[in-house]
file target-v3.json (JSON, C-alpha atoms)
[["chain", "number", "residue", "atom", "x", "y", "z"],
["G", 25, "MET", "CA", 114.60, -104.72, 110.98],
["G", 26, "ASP", "CA", 117.29, -106.87, 112.67],
["G", 27, "ILE", "CA", 115.42, -110.03, 111.68],
["G", 28, "ASP", "CA", 115.22, -108.82, 108.05],
["G", 29, "LYS", "CA", 118.95, -108.03, 108.03],
["G", 30, "ARG", "CA", 119.82, -111.44, 109.47],
["G", 31, "PHE", "CA", 117.64, -113.20, 106.92],
["G", 32, "GLU", "CA", 119.29, -111.28, 104.05],
["G", 33, "ARG", "CA", 122.76, -112.07, 105.46],
["G", 34, "ILE", "CA", 122.01, -115.80, 105.84],
["G", 35, "LEU", "CA", 120.68, -115.90, 102.28],
["G", 36, "ALA", "CA", 123.79, -114.07, 101.05],
["G", 37, "ILE", "CA", 126.02, -116.56, 102.91],
["G", 38, "PHE", "CA", 124.21, -119.42, 101.20],
["G", 39, "ILE", "CA", 124.78, -117.77, 97.81],
["G", 40, "GLN", "CA", 128.48, -117.43, 98.66],
["G", 41, "LEU", "CA", 128.61, -121.14, 99.50],
["G", 42, "GLN", "CA", 127.06, -121.95, 96.12],
["G", 43, "ALA", "CA", 129.44, -119.62, 94.28],
["G", 44, "LYS", "CA", 132.74, -120.85, 95.77],
["G", 45, "PRO", "CA", 134.23, -124.27, 96.52],
["G", 46, "VAL", "CA", 135.38, -123.15, 100.00],
["G", 47, "VAL", "CA", 134.44, -120.11, 102.08],
["G", 48, "LYS", "CA", 136.27, -119.10, 105.26],
["G", 49, "ALA", "CA", 134.39, -117.78, 108.29],
["G", 50, "GLN", "CA", 136.75, -114.80, 108.62],
["G", 51, "ASP", "CA", 136.14, -113.83, 104.98],
["G", 52, "LEU", "CA", 132.37, -113.93, 105.58],
["G", 53, "ALA", "CA", 132.74, -111.89, 108.76],
["G", 54, "ASP", "CA", 134.78, -109.26, 106.90],
["G", 55, "LYS", "CA", 132.34, -109.18, 103.98],
["G", 56, "PHE", "CA", 129.24, -108.68, 106.13],
["G", 57, "GLN", "CA", 131.01, -106.68, 108.87],
["G", 58, "VAL", "CA", 129.92, -108.93, 111.71],
["G", 59, "SER", "CA", 131.77, -111.07, 114.26],
["G", 60, "ILE", "CA", 132.91, -114.62, 113.53],
["G", 61, "ARG", "CA", 130.51, -115.81, 116.26],
["G", 62, "THR", "CA", 127.64, -114.32, 114.26],
["G", 63, "ILE", "CA", 128.81, -116.22, 111.17],
["G", 64, "TYR", "CA", 128.96, -119.45, 113.21],
["G", 65, "ARG", "CA", 125.32, -118.89, 114.29],
["G", 66, "ASP", "CA", 124.24, -118.16, 110.71],
["G", 67, "ILE", "CA", 125.92, -121.34, 109.45],
["G", 68, "LYS", "CA", 124.14, -123.32, 112.20],
["G", 69, "SER", "CA", 120.83, -121.81, 111.04],
["G", 70, "LEU", "CA", 121.50, -122.99, 107.47],
["G", 71, "GLU", "CA", 122.35, -126.48, 108.73],
["G", 72, "LYS", "CA", 119.11, -126.60, 110.78],
["G", 73, "ALA", "CA", 117.23, -125.65, 107.62],
["G", 74, "GLY", "CA", 118.58, -128.81, 105.97],
["G", 75, "ILE", "CA", 121.47, -127.34, 103.96],
["G", 76, "PRO", "CA", 124.29, -129.93, 103.88],
["G", 77, "ILE", "CA", 127.37, -127.90, 104.83],
["G", 78, "TYR", "CA", 130.76, -129.55, 105.24],
["G", 79, "SER", "CA", 133.20, -127.80, 107.57],
["G", 80, "GLU", "CA", 136.78, -128.36, 108.66],
["G", 81, "ALA", "CA", 138.66, -126.35, 111.28],
["G", 82, "GLY", "CA", 141.20, -124.02, 109.71],
["G", 83, "TYR", "CA", 139.94, -124.83, 106.21],
["G", 84, "GLY", "CA", 136.44, -123.38, 105.74],
["G", 85, "TYR", "CA", 132.91, -124.24, 104.73],
["G", 86, "SER", "CA", 131.63, -125.88, 101.57],
["G", 87, "LEU", "CA", 128.39, -127.39, 100.33],
["G", 88, "ALA", "CA", 128.12, -131.14, 99.99],
["G", 89, "GLY", "CA", 129.03, -132.19, 96.45],
["G", 90, "GLY", "CA", 126.21, -131.79, 93.91],
["G", 91, "TYR", "CA", 123.89, -129.86, 96.24],
["G", 92, "ARG", "CA", 122.21, -126.93, 94.51],
["G", 93, "LEU", "CA", 118.96, -124.97, 94.72],
["G", 94, "PRO", "CA", 117.15, -123.41, 91.74],
["G", 95, "PRO", "CA", 118.48, -119.96, 90.70],
["G", 96, "THR", "CA", 117.78, -117.16, 93.14],
["G", 97, "LEU", "CA", 115.72, -114.28, 91.77],
["G", 98, "PHE", "CA", 117.65, -111.05, 91.37],
["G", 99, "SER", "CA", 116.48, -107.80, 92.91],
["G", 100, "LYS", "CA", 115.50, -104.97, 90.57],
["G", 101, "GLU", "CA", 118.72, -103.08, 91.33],
["G", 102, "GLU", "CA", 120.86, -106.20, 90.75],
["G", 103, "ALA", "CA", 119.11, -106.82, 87.44],
["G", 104, "LEU", "CA", 119.75, -103.25, 86.27],
["G", 105, "SER", "CA", 123.46, -103.65, 87.07],
["G", 106, "PHE", "CA", 123.65, -106.23, 84.24],
["G", 107, "ALA", "CA", 123.25, -103.44, 81.69],
["G", 108, "VAL", "CA", 126.40, -101.65, 82.83],
["G", 109, "ALA", "CA", 128.33, -104.85, 83.62],
["G", 110, "GLU", "CA", 128.13, -106.13, 80.05],
["G", 111, "LYS", "CA", 129.26, -102.79, 78.59],
["G", 112, "LEU", "CA", 132.20, -102.66, 81.01],
["G", 113, "MET", "CA", 133.27, -106.19, 80.19],
["G", 114, "HIS", "CA", 133.22, -105.46, 76.45],
["G", 115, "GLN", "CA", 135.46, -102.46, 77.14],
["G", 116, "TYR", "CA", 137.94, -104.02, 79.56],
["G", 117, "LEU", "CA", 138.15, -107.71, 78.55],
["G", 118, "ASP", "CA", 139.73, -109.19, 75.46],
["G", 119, "LYS", "CA", 137.50, -110.43, 72.65],
["G", 120, "GLU", "CA", 137.34, -114.07, 73.77],
["G", 121, "LEU", "CA", 136.61, -113.38, 77.45],
["G", 122, "SER", "CA", 134.07, -110.70, 76.51],
["G", 123, "LYS", "CA", 132.23, -113.28, 74.38],
["G", 124, "GLN", "CA", 132.23, -115.83, 77.21],
["G", 125, "PHE", "CA", 131.02, -113.21, 79.69],
["G", 126, "SER", "CA", 128.14, -112.27, 77.36],
["G", 127, "ASN", "CA", 127.15, -115.93, 77.14],
["G", 128, "ALA", "CA", 127.22, -116.29, 80.93],
["G", 129, "LEU", "CA", 125.29, -113.07, 81.43],
["G", 130, "GLY", "CA", 122.69, -114.24, 78.90],
["G", 131, "LYS", "CA", 122.03, -117.29, 81.06],
["G", 132, "MET", "CA", 121.67, -115.06, 84.12],
["G", 133, "LYS", "CA", 119.23, -112.77, 82.28],
["G", 134, "SER", "CA", 117.10, -115.79, 81.36],
["G", 135, "VAL", "CA", 115.89, -116.12, 84.98],
["G", 136, "LEU", "CA", 114.85, -112.47, 85.29],
["G", 137, "ARG", "CA", 111.23, -111.44, 85.57],
["G", 138, "THR", "CA", 109.72, -110.09, 82.33],
["G", 139, "SER", "CA", 109.54, -106.56, 83.75],
["G", 140, "ASP", "CA", 113.21, -106.68, 84.77],
["G", 141, "LYS", "CA", 114.23, -107.93, 81.31],
["G", 142, "GLU", "CA", 112.43, -104.96, 79.76],
["G", 143, "ASN", "CA", 114.12, -102.55, 82.18],
["G", 144, "VAL", "CA", 117.57, -103.99, 81.44],
["G", 145, "GLN", "CA", 116.98, -103.76, 77.70],
["G", 146, "ALA", "CA", 115.90, -100.12, 78.02],
["G", 147, "ILE", "CA", 118.99, -99.23, 80.08],
["G", 148, "GLU", "CA", 121.43, -101.06, 77.78],
["G", 149, "ALA", "CA", 120.55, -98.76, 74.88],
["G", 150, "GLN", "CA", 121.36, -95.71, 76.99],
["G", 151, "VAL", "CA", 124.82, -96.80, 78.19],
["G", 152, "VAL", "CA", 127.80, -96.09, 75.93],
["G", 153, "LEU", "CA", 131.44, -96.55, 76.95],
["G", 154, "LYS", "CA", 134.26, -95.21, 74.82],
["G", 155, "SER", "CA", 138.01, -95.32, 75.29],
["G", 156, "ASN", "CA", 140.86, -94.12, 73.10],
["G", 157, "ARG", "CA", 143.31, -96.41, 74.86],
["G", 158, "LYS", "CA", 143.96, -99.87, 73.42],
["G", 159, "LEU", "CA", 144.19, -102.31, 76.30],
["G", 160, "PHE", "CA", 144.86, -105.30, 74.04],
["G", 161, "ASN", "CA", 146.63, -106.06, 70.80],
["G", 162, "GLN", "CA", 143.67, -106.58, 68.45],
["G", 163, "GLU", "CA", 145.63, -109.28, 66.61],
["G", 164, "VAL", "CA", 145.69, -111.37, 69.80],
["G", 165, "PRO", "CA", 142.02, -111.55, 70.87],
["G", 166, "THR", "CA", 142.55, -114.40, 73.35],
["G", 167, "ALA", "CA", 145.47, -113.07, 75.41],
["G", 168, "LEU", "CA", 143.61, -112.63, 78.70],
["G", 169, "SER", "CA", 141.59, -115.83, 78.42],
["G", 170, "THR", "CA", 144.74, -117.82, 77.53],
["G", 171, "LEU", "CA", 146.48, -116.50, 80.65],
["G", 172, "PHE", "CA", 143.50, -117.46, 82.82],
["G", 173, "SER", "CA", 143.50, -120.96, 81.33],
["G", 174, "SER", "CA", 147.24, -121.23, 81.96],
["G", 175, "ILE", "CA", 146.89, -120.22, 85.62],
["G", 176, "ALA", "CA", 143.94, -122.57, 86.18],
["G", 177, "GLN", "CA", 145.57, -125.57, 84.46],
["G", 178, "LYS", "CA", 149.15, -124.74, 85.56],
["G", 179, "LEU", "CA", 150.47, -125.02, 82.00],
["G", 180, "GLN", "CA", 153.31, -122.93, 80.55],
["G", 181, "VAL", "CA", 152.63, -120.27, 77.92],
["G", 182, "ASN", "CA", 154.73, -119.19, 74.95],
["G", 183, "ILE", "CA", 154.55, -115.53, 73.92],
["G", 184, "ASN", "CA", 156.18, -113.21, 71.43],
["G", 185, "TYR", "CA", 156.68, -110.05, 73.46],
["G", 186, "GLN", "CA", 157.87, -106.64, 72.29],
["G", 187, "LYS", "CA", 159.30, -104.35, 74.95],
["G", 188, "ALA", "CA", 158.70, -100.60, 74.80],
["G", 189, "ASP", "CA", 162.33, -99.86, 73.88],
["G", 190, "SER", "CA", 162.64, -102.65, 71.29],
["G", 191, "ARG", "CA", 161.71, -102.79, 67.61],
["G", 192, "LYS", "CA", 161.54, -106.57, 67.54],
["G", 193, "ALA", "CA", 159.49, -109.06, 69.55],
["G", 194, "GLU", "CA", 161.28, -111.94, 71.25],
["G", 195, "GLU", "CA", 159.92, -115.34, 72.18],
["G", 196, "ARG", "CA", 159.48, -116.11, 75.86],
["G", 197, "THR", "CA", 158.25, -119.14, 77.76],
["G", 198, "VAL", "CA", 156.50, -118.05, 80.94],
["G", 199, "GLU", "CA", 154.59, -119.44, 83.91],
["G", 200, "PRO", "CA", 151.86, -116.88, 84.73],
["G", 201, "VAL", "CA", 151.22, -116.03, 88.38],
["G", 202, "GLY", "CA", 148.34, -113.56, 88.08],
["G", 203, "VAL", "CA", 146.79, -110.68, 86.16],
["G", 204, "PHE", "CA", 146.24, -107.10, 87.35],
["G", 205, "GLN", "CA", 145.36, -103.61, 86.11],
["G", 206, "GLU", "CA", 147.53, -100.58, 86.78],
["G", 207, "ASN", "CA", 147.39, -97.05, 85.35],
["G", 208, "GLY", "CA", 144.73, -98.13, 82.88],
["G", 209, "TYR", "CA", 146.63, -101.12, 81.41],
["G", 210, "TRP", "CA", 146.41, -104.89, 81.90],
["G", 211, "TYR", "CA", 149.59, -106.55, 83.20],
["G", 212, "PHE", "CA", 150.54, -110.02, 84.35],
["G", 213, "MET", "CA", 153.28, -111.41, 86.57],
["G", 214, "ALA", "CA", 155.02, -114.55, 85.35],
["G", 215, "TYR", "CA", 158.18, -116.54, 85.81],
["G", 216, "CYS", "CA", 160.24, -115.98, 82.65],
["G", 217, "HIS", "CA", 162.37, -118.95, 81.61],
["G", 218, "LEU", "CA", 164.59, -116.65, 79.54],
["G", 219, "ARG", "CA", 165.40, -114.27, 82.42],
["G", 220, "LYS", "CA", 165.19, -116.92, 85.15],
["G", 221, "GLU", "CA", 163.03, -114.76, 87.43],
["G", 222, "VAL", "CA", 159.50, -113.40, 87.92],
["G", 223, "ARG", "CA", 158.88, -110.49, 85.57],
["G", 224, "GLN", "CA", 156.02, -108.08, 84.82],
["G", 225, "PHE", "CA", 154.54, -108.03, 81.29],
["G", 226, "ARG", "CA", 152.00, -105.70, 79.65],
["G", 227, "LEU", "CA", 149.25, -107.41, 77.67],
["G", 228, "ASP", "CA", 149.04, -104.99, 74.76],
["G", 229, "ARG", "CA", 152.72, -105.71, 73.96],
["G", 230, "ILE", "CA", 152.03, -109.39, 73.31],
["G", 231, "LYS", "CA", 152.22, -110.20, 69.59],
["G", 232, "THR", "CA", 151.32, -113.91, 69.80],
["G", 233, "ILE", "CA", 150.37, -116.23, 72.63],
["G", 234, "TRP", "CA", 149.65, -119.93, 72.92],
["G", 235, "ILE", "CA", 149.32, -122.38, 75.77],
["G", 236, "THR", "CA", 151.62, -125.41, 75.83],
["G", 237, "GLU", "CA", 151.35, -128.92, 77.26],
["G", 238, "GLU", "CA", 154.30, -128.29, 79.59],
["G", 239, "PRO", "CA", 153.33, -128.08, 83.29],
["G", 240, "PHE", "CA", 154.61, -125.38, 85.63],
["G", 241, "ARG", "CA", 158.03, -126.24, 87.02],
["G", 242, "GLN", "CA", 158.46, -123.37, 89.49],
["G", 243, "LYS", "CA", 157.00, -123.13, 92.99],
["G", 244, "LEU", "CA", 155.71, -119.57, 92.82],
["G", 245, "LYS", "CA", 154.09, -117.40, 95.48],
["G", 246, "SER", "CA", 150.79, -115.52, 95.17],
["G", 247, "LEU", "CA", 150.27, -112.46, 92.98],
["G", 248, "ALA", "CA", 149.84, -110.33, 96.12],
["G", 249, "PHE", "CA", 153.37, -111.27, 97.23],
["G", 250, "TYR", "CA", 154.98, -110.14, 93.97],
["G", 251, "LEU", "CA", 152.96, -106.92, 93.90],
["G", 252, "GLU", "CA", 154.17, -106.15, 97.42],
["G", 253, "GLN", "CA", 157.75, -106.89, 96.36],
["G", 254, "LYS", "CA", 157.26, -104.54, 93.44],
["G", 255, "VAL", "CA", 156.30, -101.72, 95.82],
["G", 256, "VAL", "CA", 159.31, -102.43, 98.05],
["G", 257, "LYS", "CA", 161.73, -102.45, 95.12],
["G", 258, "LYS", "CA", 160.23, -99.37, 93.50],
["G", 259, "GLU", "CA", 162.90, -96.80, 92.79],
["G", 260, "VAL", "CA", 162.49, -93.60, 94.77],
["G", 261, "HIS", "CA", 162.60, -90.50, 92.58],
["G", 262, "PRO", "CA", 162.82, -86.85, 93.60],
["G", 263, "THR", "CA", 159.66, -84.76, 93.50],
["G", 264, "ALA", "CA", 158.64, -81.81, 91.37],
["G", 265, "THR", "CA", 156.14, -79.12, 92.36],
["G", 266, "ILE", "CA", 153.96, -77.59, 89.64],
["G", 267, "TRP", "CA", 151.54, -74.68, 89.91],
["G", 268, "ALA", "CA", 148.52, -74.74, 87.57],
["G", 269, "THR", "CA", 145.58, -72.46, 86.98],
["G", 270, "LYS", "CA", 142.21, -73.79, 88.07],
["G", 271, "GLN", "CA", 141.23, -74.24, 84.45],
["G", 272, "MET", "CA", 144.35, -76.26, 83.60],
["G", 273, "GLN", "CA", 144.08, -78.33, 86.79],
["G", 274, "ALA", "CA", 140.70, -79.56, 85.60],
["G", 275, "PHE", "CA", 142.30, -80.88, 82.38],
["G", 276, "MET", "CA", 145.38, -82.29, 84.11],
["G", 277, "CYS", "CA", 143.25, -84.44, 86.43],
["G", 278, "TRP", "CA", 142.45, -86.81, 83.55],
["G", 279, "GLU", "CA", 145.99, -88.14, 83.08],
["G", 280, "ARG", "CA", 148.18, -86.97, 85.95],
["G", 281, "GLN", "CA", 148.17, -90.39, 87.65],
["G", 282, "LEU", "CA", 150.19, -91.68, 84.69],
["G", 283, "TYR", "CA", 152.96, -89.15, 85.32],
["G", 284, "GLY", "CA", 153.78, -89.71, 88.99],
["G", 285, "PHE", "CA", 151.13, -87.52, 90.63],
["G", 286, "ILE", "CA", 151.34, -87.62, 94.44],
["G", 287, "LYS", "CA", 149.13, -84.86, 95.86],
["G", 288, "GLU", "CA", 147.73, -81.38, 95.29],
["G", 289, "THR", "CA", 146.99, -78.31, 97.40],
["G", 290, "GLU", "CA", 144.42, -75.69, 96.45],
["G", 291, "LYS", "CA", 145.66, -72.07, 96.49],
["G", 292, "ALA", "CA", 143.86, -68.79, 96.04],
["G", 293, "ASP", "CA", 145.04, -68.46, 92.42],
["G", 294, "GLY", "CA", 145.19, -72.12, 91.39],
["G", 295, "PHE", "CA", 146.61, -75.47, 92.49],
["G", 296, "GLU", "CA", 150.02, -76.75, 93.52],
["G", 297, "MET", "CA", 150.63, -80.35, 92.46],
["G", 298, "VAL", "CA", 153.48, -82.61, 93.52],
["G", 299, "PHE", "CA", 154.77, -85.27, 91.11],
["G", 300, "GLU", "CA", 157.37, -88.00, 91.37],
["G", 301, "HIS", "CA", 160.04, -86.92, 88.91],
["G", 302, "ASN", "CA", 162.13, -89.52, 87.08],
["G", 303, "THR", "CA", 165.18, -87.54, 85.98],
["G", 304, "ARG", "CA", 166.28, -90.24, 83.50],
["G", 305, "GLN", "CA", 163.05, -90.04, 81.49],
["G", 306, "GLN", "CA", 161.25, -87.02, 80.03],
["G", 307, "TYR", "CA", 157.67, -88.26, 80.32],
["G", 308, "LEU", "CA", 156.64, -85.57, 82.81],
["G", 309, "GLN", "CA", 158.36, -82.76, 80.89],
["G", 310, "ARG", "CA", 156.75, -83.65, 77.59],
["G", 311, "TRP", "CA", 153.32, -83.99, 79.18],
["G", 312, "LEU", "CA", 153.63, -80.60, 80.91],
["G", 313, "LEU", "CA", 154.37, -78.90, 77.58],
["G", 314, "ALA", "CA", 150.77, -79.56, 76.55],
["G", 315, "PHE", "CA", 149.52, -77.09, 79.17],
["G", 316, "GLY", "CA", 151.58, -74.14, 77.97],
["G", 317, "ASP", "CA", 151.25, -70.93, 79.97],
["G", 318, "GLY", "CA", 148.62, -72.51, 82.24],
["G", 319, "ILE", "CA", 151.35, -73.99, 84.46],
["G", 320, "ARG", "CA", 154.52, -72.88, 86.26],
["G", 321, "ILE", "CA", 157.35, -75.03, 87.55],
["G", 322, "ILE", "CA", 158.10, -74.17, 91.16],
["G", 323, "GLU", "CA", 160.87, -76.73, 91.68],
["G", 324, "PRO", "CA", 163.34, -78.27, 90.97],
["G", 325, "GLU", "CA", 165.52, -76.01, 88.89],
["G", 326, "SER", "CA", 166.69, -78.99, 86.81],
["G", 327, "LEU", "CA", 163.14, -79.56, 85.58],
["G", 328, "LYS", "CA", 162.95, -75.94, 84.43],
["G", 329, "GLN", "CA", 166.16, -76.41, 82.44],
["G", 330, "ASP", "CA", 164.84, -79.63, 80.90],
["G", 331, "MET", "CA", 161.69, -77.81, 79.78],
["G", 332, "LEU", "CA", 163.70, -74.96, 78.25],
["G", 333, "GLN", "CA", 165.85, -77.43, 76.30],
["G", 334, "LEU", "CA", 162.74, -79.19, 74.97],
["G", 335, "ILE", "CA", 161.18, -75.89, 73.93],
["G", 336, "GLU", "CA", 164.40, -74.90, 72.15],
["G", 337, "ALA", "CA", 164.49, -78.27, 70.35],
["G", 338, "ILE", "CA", 160.88, -77.77, 69.24],
["G", 339, "LYS", "CA", 161.72, -74.29, 67.93],
["G", 340, "GLN", "CA", 164.57, -75.73, 65.89],
["G", 341, "GLN", "CA", 162.31, -78.43, 64.45],
["G", 342, "ILE", "CA", 159.75, -75.81, 63.41],
["G", 343, "LYS", "CA", 162.45, -73.68, 61.73]]
call {"tool": "encode", "arguments": {"input": "target-v3.json", "output": "structure tokens"}}
result
Amino acid sequence: MDIDKRFERILAIFIQLQAKPVVKAQDLADKFQVSIRTIYRDIKSLEKAGIPIYSEAGYGYSLAGGYRLPPTLFSKEEALSFAVAEKLMHQYLDKELSKQFSNALGKMKSVLRTSDKENVQAIEAQVVLKSNRKLFNQEVPTALSTLFSSIAQKLQVNINYQKADSRKAEERTVEPVGVFQENGYWYFMAYCHLRKEVRQFRLDRIKTIWITEEPFRQKLKSLAFYLEQKVVKKEVHPTATIWATKQMQAFMCWERQLYGFIKETEKADGFEMVFEHNTRQQYLQRWLLAFGDGIRIIEPESLKQDMLQLIEAIKQQIK
């Protein structure tokens, strides 16, 4: 069994070397949950087998330029994952990237065994993904792929961007740092030449986008750095405690992460949920109205008053 595991790990390391320009020993050790010494031994085994591996202390490992082996056969389970992967990419990538992913996946499917191709085709017909949320502006089908090209080529991007509280889009020139998903939406960090600082933008608010010939002019840090800064700078809001029946809690689970949910505690007659409560906005209050008499506000008192004012305003609108 240990010999089988080592063989599978060495093969997986070789695949990693083919997939990336440089691979660090520590990253391989973390990925396979072994010591760095074990990785060193595995690399030596690949070198003894005639694989030309270039290494540099403090830099990493890479294959000699141009060295490749024929495509590795996929396992049955890996082949079946293609069926779900393509559906997910159609759902969560913009039109252009989705098309490119389908083309790449088609090339990967071409090396499958006939039986695996038939299995994948059978599974594909039985997987359906639906979402009511629009992650992208349908009029800008290349937003995500344009950002990736900008980051790879280090070229500035021009966008027309409409903020949530604005009726008009404004033109910005930005230098993208990286792309990430949060609360079900795609965002990107970029240096904004208009604001003279790194800002966060949401992709579905982009009205137009095009890459320029202008190179990046800023020396920017990694996406991870700016995401960490975002957490540090995050405004601390007071909390609100809500009781909900067990039936309502089941419905609230679908969206509560979007409204500052922190934690919940199960009680004999229902659930107590704690939310971060932004007193300047009424997102939480308006969302809670949807659950009617299935919830009760425990604290703070100010949230109760906000809810009563909203209910009174609704009554006046109905009258």
call {"tool": "closest_residue", "arguments": {"input": "target-v3.json", "among": "G:Ser246, G:Ser169, G:Ser139, G:Ser174", "to": "Ser122 of chain G", "atoms": "all atoms listed in the file"}}
result
G:Ser169
call {"tool": "residues_around", "arguments": {"input": "target-v3.json", "residues": "segment 48-65 of chain G", "least_positions_apart": "2", "cutoff": "10 Å", "atoms": "all atoms listed in the file", "output": "PyMOL selection string"}}
result
chain G and resi 30+33-34+36-37+40-41+46+67-71+79-86
call {"tool": "atom_distance", "arguments": {"input": "target-v3.json", "atom1": "atom CA of His301 of chain G", "atom2": "atom CA of Met213 of chain G"}}
result
25.5 Å
call {"tool": "atom_distance", "arguments": {"input": "target-v3.json", "atom1": "atom CA of Gln273 of chain G", "atom2": "atom CA of Tyr116 of chain G"}}
result
27.4 Å
call {"tool": "residues_around", "arguments": {"input": "target-v3.json", "residues": "Ile235 of chain G", "least_positions_apart": "6", "cutoff": "7 Å", "atoms": "only C-alpha atoms", "output": "PyMOL selection string"}}
result
chain G and resi 170+174+179-182
call {"tool": "write_last_selection", "arguments": {"input": "target-v3.json", "atoms": "C-alpha atoms", "output": "PDB file, in the coordinates of the input"}}
result
ATOM      1  CA  THR G 170     144.740-117.820  77.530  1.00  0.00           C
ATOM      2  CA  SER G 174     147.240-121.230  81.960  1.00  0.00           C
ATOM      3  CA  LEU G 179     150.470-125.020  82.000  1.00  0.00           C
ATOM      4  CA  GLN G 180     153.310-122.930  80.550  1.00  0.00           C
ATOM      5  CA  VAL G 181     152.630-120.270  77.920  1.00  0.00           C
ATOM      6  CA  ASN G 182     154.730-119.190  74.950  1.00  0.00           C
TER       7      ASN G 182
END
call {"tool": "atom_distance", "arguments": {"input": "target-v3.json", "atom1": "atom CA of Arg241 of chain G", "atom2": "atom CA of Leu171 of chain G"}}
result
16.4 Å
call {"tool": "closest_residue", "arguments": {"input": "target-v3.json", "among": "G:Gln271, G:Lys72, G:Ser105, G:Phe172", "to": "Gln145 of chain G", "atoms": "only C-alpha atoms"}}
result
G:Ser105
call {"tool": "residues_near_point", "arguments": {"input": "target-v3.json", "point": "(132.6, -125.6, 93.9)", "cutoff": "9 Å", "atoms": "all atoms listed in the file", "output": "ChimeraX atom specification"}}
result
/G:41-46,86-87,89-90
call {"tool": "residues_around", "arguments": {"input": "target-v3.json", "residues": "segment 308-313 of chain G", "least_positions_apart": "2", "cutoff": "10 Å", "atoms": "only C-alpha atoms", "output": "ChimeraX atom specification"}}
result
/G:264,266,276,279-280,282-285,299-303,305-306,315-321,327-328,330-332,334-335
call {"tool": "closest_residue", "arguments": {"input": "target-v3.json", "among": "G:Thr197, G:Leu244, G:Cys216, G:Ile183", "to": "Lys231 of chain G", "atoms": "only C-alpha atoms"}}
result
G:Ile183
call {"tool": "residues_around", "arguments": {"input": "target-v3.json", "residues": "Ile175 of chain G", "least_positions_apart": "5", "cutoff": "8 Å", "atoms": "all atoms listed in the file", "output": "PyMOL selection string"}}
result
chain G and resi 199-202
call {"tool": "write_last_selection", "arguments": {"input": "target-v3.json", "atoms": "C-alpha atoms", "output": "PDB file, keeping the file's coordinate frame"}}
result
ATOM      1  CA  GLU G 199     154.590-119.440  83.910  1.00  0.00           C
ATOM      2  CA  PRO G 200     151.860-116.880  84.730  1.00  0.00           C
ATOM      3  CA  VAL G 201     151.220-116.030  88.380  1.00  0.00           C
ATOM      4  CA  GLY G 202     148.340-113.560  88.080  1.00  0.00           C
TER       5      GLY G 202
END
call {"tool": "closest_residue", "arguments": {"input": "target-v3.json", "among": "G:Leu112, G:Leu129, G:Ile230, G:Ala214", "to": "Gln242 of chain G", "atoms": "all atoms listed in the file"}}
result
G:Ala214
call {"tool": "residues_near_point", "arguments": {"input": "target-v3.json", "point": "(120.4, -103.2, 80.8)", "cutoff": "12 Å", "atoms": "only C-alpha atoms", "output": "PyMOL selection string"}}
result
chain G and resi 100-112+129-130+133+136+139-152
call {"tool": "closest_residue", "arguments": {"input": "target-v3.json", "among": "G:Phe225, G:Trp267, G:Phe249, G:Trp234", "to": "Phe212 of chain G", "atoms": "all atoms listed in the file"}}
result
G:Phe225
call {"tool": "closest_residue", "arguments": {"input": "target-v3.json", "among": "G:Gly74, G:Gln340, G:Trp278, G:Met272", "to": "Asp293 of chain G", "atoms": "all atoms listed in the file"}}
result
G:Met272
